[in-house]
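A short worksheet on the structure shown next.
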Amino acid sequence: MPEDNVIFVGNKPVMNYVLAAVTQFNEGAKEVTIKARGRAISRAVDTAEVVRHRFLTDVQIDRIQISTEELDSEKGEKINVSSIEIFLKRPQTSQ
């Protein structure tokens with residue numbers, strides 16, 4: 001999947017990420033991936049749910065991938081940070 005269809009969730013309001021996902025789908029993307037780490041995971045889940053329940057009711061969760069990444073802290077220590085990828089998919093419509 002092209003990197004264009006990936007939304008990296010950070011500290012902005014949820015609606016910013018929802019708008020990005022809806023825009024991707026409206027431009028013809030069949031799948032959009034929402035990625036987040038650490039404290040932003042709950043914001044990523046909220047984004048996926050708002051997209052599915054309020055804006056594009058035909059979009060489905062294709063799969064969810066969770067993992068732990070090892071990062072270097074500012075103090076030089078190794079820390080574990082949880083991450084999530086939510087794959088949203090819009091089914092093919094027959095026309």
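Identifiers for the structure tokens are assigned positionally: chains receive A, B, ... in sequence, residues are indexed from 1 per chain, and ligands are indexed from 1 in the order shown.
Within 10 Å of Tyr17 in chain A, once only C-alpha atoms are used and residues closer than 6 positions along the same chain are dropped, the contacting residues are Ile7, Phe8, Val9, Gly10, Thr23, Ile34, Arg43, Ala44, Asp46, Thr47, Ala48, Val50 and Val51 of chain A.
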**OP:** Please give the complete set of residues from chain A that DSSP, run on the backbone, assigns to helix (DSSP H, G or I), formatted as an NGL selection string.
**Re:** :A and (3-5 or 14-26 or 38-55)
Subject >> Polymer residues at most 12 Å from Lys35 in chain A, only C-alpha atoms, same-chain spacing of 2 or more positions, as a PyMOL selection string >> reply: chain A and resi 3+5-10+17+21+32-33+37-45+47-48+64-67+82-88
Can I get the selected residues back with N, CA and C atoms, as a CSV table (one decimal), in the first residue's frame?
```
chain,number,residue,atom,x,y,z
A,3,GLU,N,2.3,4.9,0.8
A,3,GLU,CA,2.4,5.7,2.0
A,3,GLU,C,1.4,6.8,2.1
A,5,ASN,N,-1.7,6.5,1.8
A,5,ASN,CA,-2.9,6.0,2.5
A,5,ASN,C,-2.7,5.6,3.9
A,6,VAL,N,-1.6,6.2,4.5
A,6,VAL,CA,-1.3,6.0,5.9
A,6,VAL,C,-1.5,7.3,6.7
A,7,ILE,N,-2.2,7.2,7.8
A,7,ILE,CA,-2.4,8.4,8.7
A,7,ILE,C,-1.7,8.1,10.0
A,8,PHE,N,-0.7,8.9,10.3
A,8,PHE,CA,0.0,8.8,11.5
A,8,PHE,C,-0.6,9.7,12.6
A,9,VAL,N,-1.1,9.1,13.7
A,9,VAL,CA,-1.9,9.8,14.7
A,9,VAL,C,-0.9,10.3,15.7
A,10,GLY,N,-1.1,11.6,16.1
A,10,GLY,CA,-0.3,12.2,17.1
A,10,GLY,C,-1.2,12.9,18.1
A,17,TYR,N,-7.7,13.8,12.1
A,17,TYR,CA,-7.4,12.5,11.5
A,17,TYR,C,-8.6,11.9,10.8
A,21,ALA,N,-8.7,10.7,6.9
A,21,ALA,CA,-9.2,9.3,6.4
A,21,ALA,C,-10.3,9.4,5.4
A,32,VAL,N,-7.2,2.4,4.0
A,32,VAL,CA,-6.5,3.4,4.7
A,32,VAL,C,-6.0,2.8,6.0
A,33,THR,N,-4.7,3.1,6.3
A,33,THR,CA,-4.1,2.6,7.5
A,33,THR,C,-3.9,3.7,8.5
A,37,ARG,N,1.4,5.3,18.2
A,37,ARG,CA,2.2,4.7,19.2
A,37,ARG,C,1.9,5.4,20.5
A,38,GLY,N,2.1,4.6,21.6
A,38,GLY,CA,2.0,5.1,23.0
A,38,GLY,C,0.6,5.7,23.3
A,39,ARG,N,0.6,6.9,23.8
A,39,ARG,CA,-0.6,7.5,24.3
A,39,ARG,C,-1.6,7.9,23.2
A,40,ALA,N,-1.1,7.9,22.0
A,40,ALA,CA,-2.0,8.2,20.8
A,40,ALA,C,-2.8,7.1,20.3
A,41,ILE,N,-2.6,5.9,20.9
A,41,ILE,CA,-3.3,4.7,20.5
A,41,ILE,C,-4.8,4.9,20.7
A,42,SER,N,-5.3,5.5,21.8
A,42,SER,CA,-6.7,5.7,22.0
A,42,SER,C,-7.3,6.6,21.0
A,43,ARG,N,-6.5,7.6,20.6
A,43,ARG,CA,-6.9,8.6,19.6
A,43,ARG,C,-7.1,7.9,18.2
A,44,ALA,N,-6.2,7.0,17.9
A,44,ALA,CA,-6.3,6.2,16.7
A,44,ALA,C,-7.6,5.4,16.6
A,45,VAL,N,-7.9,4.7,17.8
A,45,VAL,CA,-9.1,3.9,17.9
A,45,VAL,C,-10.3,4.8,17.7
A,47,THR,N,-10.5,7.6,16.1
A,47,THR,CA,-10.5,8.0,14.7
A,47,THR,C,-11.2,6.9,13.8
A,48,ALA,N,-10.8,5.7,14.0
A,48,ALA,CA,-11.4,4.6,13.2
A,48,ALA,C,-12.9,4.5,13.5
A,64,ILE,N,-6.3,-5.5,12.5
A,64,ILE,CA,-5.6,-4.7,13.5
A,64,ILE,C,-4.3,-5.4,13.8
A,65,GLN,N,-3.2,-4.6,13.8
A,65,GLN,CA,-1.9,-5.2,14.1
A,65,GLN,C,-1.3,-4.4,15.3
A,66,ILE,N,-0.9,-5.1,16.3
A,66,ILE,CA,-0.3,-4.5,17.5
A,66,ILE,C,1.1,-5.0,17.6
A,67,SER,N,2.0,-4.1,18.2
A,67,SER,CA,3.3,-4.5,18.4
A,67,SER,C,4.0,-3.6,19.5
A,82,SER,N,4.3,0.7,22.9
A,82,SER,CA,3.3,0.0,22.2
A,82,SER,C,2.9,0.7,20.9
A,83,SER,N,2.5,0.0,19.9
A,83,SER,CA,2.0,0.6,18.7
A,83,SER,C,0.9,-0.2,18.1
A,84,ILE,N,0.1,0.5,17.3
A,84,ILE,CA,-1.1,-0.1,16.7
A,84,ILE,C,-1.2,0.3,15.2
A,85,GLU,N,-1.7,-0.6,14.4
A,85,GLU,CA,-2.0,-0.2,13.0
A,85,GLU,C,-3.5,-0.7,12.8
A,86,ILE,N,-4.4,0.1,12.4
A,86,ILE,CA,-5.7,-0.2,12.1
A,86,ILE,C,-5.9,-0.1,10.6
A,87,PHE,N,-6.3,-1.2,9.9
A,87,PHE,CA,-6.5,-1.2,8.5
A,87,PHE,C,-8.0,-1.1,8.2
A,88,LEU,N,-8.4,0.1,7.6
A,88,LEU,CA,-9.8,0.3,7.3
A,88,LEU,C,-9.9,0.0,5.8
```
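Take CA of Asn80 in chain A and CA of Glu31 in chain A: the distance between them is 28.6 Å.
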**OP:** Could you check how far CA of Lys89 in chain A sits from CA of Glu69 in chain A, in Å to one decimal?
**Re:** 25.3 Å
**OP:** Write down as a ChimeraX atom specification the residues belonging to range 14-93 of chain A that are assigned strand (DSSP E or B) by DSSP computed on the backbone.
**Re:** /A:31-37,60-72,78-89
Subject >> Å distance separating CA of Val18 in chain A from CA of Thr68 in chain A, one decimal place >> reply: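 If I compute the distance from CA of Val18 in chain A to CA of Thr68 in chain A, I get 24.7 Å.
By chain and then residue number, the residues within 9 Å of Leu71 in chain A are Glu77, Lys78, Ile79, Asn80 and Val81 of chain A, counting only C-alpha atoms and disregarding those fewer than 3 positions away in sequence.
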